[in-house]
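To start, the structure under review is shown below, and the notes come after it.
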Amino acid sequence: MSTYYASLLAESGILLLGALSVYIILATGQLSLGNGAFMGIGAYLSSYLTVALNVPLTLALVISAIAAGIIGAIVAFPALRLKGIYLAMATVGFGEMVRSFFLNFDAMGGSGGYRGMQHISVGYVWLWAGGILIAVMLLERSRVWLEMQAVHDDETAAGLIGLNTTVTKIGAFGVGAAVAAISGGLFAHHNVYIEPANFGFDRSIEFVLAVILGGSTVGPGSLVGSLLLVFLPEFLRPIADWRLAAFGTLLIVVLLVRRQGILDRSLIRTLTFRRAAA
Amino acid sequence: MSRIKSNLPRVLGTVAAVTLSAMVGGQAWAQEIAIGAVVPSSGPFAEWGRSNTVTLKMLEQQTNDAGGINGAKLKITILDDAAKPAQAASSLRKLAGDEKVLAVAGPLTSSAAEVTFPVANEMKVVSTSQASSKPGVAKLNRPWAFRNTIDEGVLAKTTVPFYKKAFNIKTVAVIFDAKDATASTVGKVIMPAVLKANDITVANENDLLSFNTGDLDVSAQVTKLKALNPDGVVVSADYSQAITVLREMKRQGLIKPVVGATQLISSAILKAAPEIPVIAPATFYATMTGPAPEKFTATLTPLLRKESGLPKDIEPSMYDANIYEIVSMYIDAIKKTGVTGKPADLEADRTKIRDHLAKLEGFAGLGGPIGFNDDGDAIKAFYVLQGQNGAWDTKVKGCSSAPGHPAC
């Protein structure tokens, strides 16, 4: 595999984790447009740990994930009072707050950025991305996921049957934030340079887009969305200036044809059946 | 028959020798010399990327019309990075790894250079930025990273004394784009230090004003600037963002001389508030005089207006001149160092180009001779310009190295 495709695959893996971070939160019916901020927290914290304190990368990623998870849970508390578009706007505000913090945080370079990280291979990125995707797919088969789905479908009814909806929603936010932080740590060590602009609103939207495009009802949908978002603009390079317009058009067409995203349970069943029949 | 038989070994030997020499002679150089470029044809700096693209196509055409490089055709593969660092790095990987180019011109921004230059080192291919001027970016990524630009810190040391003298400046107020890495470094670090060294008081030293790329309303910041009543204003931002500040200054009646970095140089900024004097350094500007820059501008301007899809009054920018010089330097290196362009020689060819650039002195650039210092930054002449009433005027000529260097 050429180093170019390896680089694109690494980008896909990093985006997959960001998309999964949104997917986990979305599974409880909450839309976060601020996961770029959790990614930034993971990127900066893991970079500081590896560069300044010489902490091994894997340990640094775990520490960053835990820290971001705690912050995510704290952010979720006030967010419990908000729903729908209001919650989404609150997470946008949180994202801008974090980006502005790093912009003025001169100890880690401020707007000048932070560097010194060791480059990581595409294999290492996918070890994390694949591992977390499998963990999410296993989670989808668990009782916890059913509870999350219950909260997603009807929070009041879920509460009435005895489910602790507060814990479910805060837990989803915390886990989503932790996954986004790992995405950030891998991004920082793959690109060996980070700056606040890397973790703005655009990044959060990219995560949501990967989920919506790939499929928002199944974990592997994020994989499909991430691969498409990274590889499609590259494959459209031959049409030069029109590639982004063509990419946008394709996105609209896909969403018109399949509102639930490309991959859903029905398609997975169909594909599985075809393979079984063969 | 026996005569033929007796001569057969000689005939076969001659045929073999002729064939071999034809093969060797025919393959002394590849039929095509591949150079790559990474420019932002989409995204926030699309204007510069699109004009860079037209510039490179013009250079490719000029080179091939003149017989190519050692008889081989020049092919410049241009990739769009949308000013996204990760895309810039991927583009360089594609150019160096898949397209097997000999060297790469770009990327444009310092943020992209920060991510791309380490990749250039990893892949052992020269990458030269046409616009990055954030201090130290190439220095951290030696030996394959170069910049055909001058560190903003060096430029400010000549720009500020002229500004002080020309407008009798004793106090200034600073406003900068906090989202732009170069603008932020210039506004927060470089300018305050240089102003202090020139005994100019920064009225808002402990409360530097900022805005973010894309902000359309800076009225609150400009109101604060006006309240400080400074003799002049430091605007550290890309020209498209600085225009927003200048328009607001004009609207509020704050007609004070403005000083900034190379990012301010453009024809558009002069139209935003013609009555406000703007002082900034540049290594090239469209109204520059002299045979080389005048020919460059005269040839490129109609092409830009026809092919770039940009406003009809577009003129060549400093970054067009820089990328033109970068590829011209690569061509110079290929011609002078025996680069073959053959796949088998790729690694050696790339090293030859790198070594040629590292030792380069006195290359005939558009604004004067060019060389590179040990940090990989260009040693070249620069000009402190004053923009007012729609035109840039040269006020001071400087050089990014000590006097006596061939490039000065």
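Identifiers in this document derive from the order of the structure tokens: chains are assigned A, B, ..., residues are numbered from 1 separately in each chain, and ligands are numbered from 1 in order of occurrence.
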inquiry  = Could you tell me which residues of chain B sit within 6 Å of chain A when counting only C-alpha atoms, and give me the result as a list in words?
reply    =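 Close enough to count are Ser90, Arg93, Lys94, Val115 and Ala181 of chain B.
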Write a file of the selected residues as an mmCIF file, in the first residue's frame, keeping N, CA, C and O atoms.
```cif
data_model
loop_
_atom_site.group_PDB
_atom_site.id
_atom_site.type_symbol
_atom_site.label_atom_id
_atom_site.label_comp_id
_atom_site.auth_asym_id
_atom_site.auth_seq_id
_atom_site.Cartn_x
_atom_site.Cartn_y
_atom_site.Cartn_z
ATOM 1 N N SER B 90 -1.342 14.639 2.983
ATOM 2 C CA SER B 90 -1.745 13.530 2.101
ATOM 3 C C SER B 90 -1.367 13.837 0.654
ATOM 4 O O SER B 90 -0.918 12.957 -0.087
ATOM 5 N N ARG B 93 2.208 13.243 0.133
ATOM 6 C CA ARG B 93 2.456 11.794 0.052
ATOM 7 C C ARG B 93 2.088 11.265 -1.328
ATOM 8 O O ARG B 93 2.792 10.433 -1.899
ATOM 9 N N LYS B 94 0.968 11.748 -1.864
ATOM 10 C CA LYS B 94 0.535 11.288 -3.195
ATOM 11 C C LYS B 94 1.561 11.725 -4.258
ATOM 12 O O LYS B 94 1.953 10.936 -5.113
ATOM 13 N N VAL B 115 2.564 20.494 9.259
ATOM 14 C CA VAL B 115 2.214 19.078 9.156
ATOM 15 C C VAL B 115 2.901 18.424 7.955
ATOM 16 O O VAL B 115 3.262 17.250 8.000
ATOM 17 N N ALA B 181 -2.649 31.481 12.737
ATOM 18 C CA ALA B 181 -1.408 31.234 13.486
ATOM 19 C C ALA B 181 -0.358 32.318 13.215
ATOM 20 O O ALA B 181 0.257 32.841 14.152
#
```
Polymer residues at most 6 Å from range 271-279 of chain B, only C-alpha atoms, same-chain spacing of 2 or more positions, as a list in words = Ile243, Arg247, Ile255, Pro257, Val258, Val259, Ala268, Ile269, Leu385, Gln386, Gly387, Gln388, Asn389 and Gly390 of chain B
message = Please return, as a ChimeraX atom specification, all residues of range 128-275 of chain B that DSSP assigns to strand (DSSP E or B) on the basis of the backbone.
response = /B:128-129,145-147,171-177,201-202,209-211,232-236,258-259
request  = Using only C-alpha atoms, determine which residues lie at most 12 Å from Pro78 in chain A, disregarding the query and same-chain residues fewer than 3 positions distant; provide the list as a PyMOL selection string.
outcome  = chain A and resi 72-75+81-83+86-87+90-91+94+166+169-170+173
task = Any chance you could list, as a PyMOL selection string, the residues in range 66-289 of chain B that come up alpha helix (DSSP H) when DSSP is run on the backbone?
result = chain B and resi 85-93+110-123+152-167+181-185+191-197+219-228+239-251+267-272
inquiry  = Please determine, counting only C-alpha atoms, which residue among A:Ala10, A:Leu236, A:Ala157, A:Ala135 has the shortest atom-to-atom distance to Gly123 in chain A.
reply    =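 Of all the options, A:Ala10 lies closest to Gly123 in chain A.
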request  = Could you give me, as number ranges by chain, the residues within 10 Å of Ile25 in chain A, counting only C-alpha atoms and dropping anything in the same chain fewer than 4 positions from it?
outcome  = A: 20-21, 29-32, 35, 148, 152, 168-177
task = Give me the residues within 9 Å of Tyr48 in chain A as a ChimeraX atom specification, counting only C-alpha atoms and dropping any in the same chain fewer than 6 places off.
result = /A:54-55,60,108,114,117
query = Which distance in Å separates CA of Glu361 in chain B and CA of Gln31 in chain B, to one decimal?
reply =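 Separating CA of Glu361 in chain B from CA of Gln31 in chain B is a distance of 29.1 Å.
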Test item: residues at most 8 Å from Leu16 in chain A, only C-alpha atoms, excluding those fewer than 3 positions along its chain, as a list in words =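 The residues that qualify are Ser12, Gly13, Ala19, Leu20, Ala129, Phe207, Ala210, Ser222, Leu223, Gly225, Ser226 and Leu227 of chain A.
Put simply, CA of His189 in chain A is 8.2 Å away from CA of Ala43 in chain A.
Residue nearest Asp349 in chain B, chosen from B:Ile334, B:Leu74, B:Met318, B:Val384 and counting only C-alpha atoms: B:Ile334.
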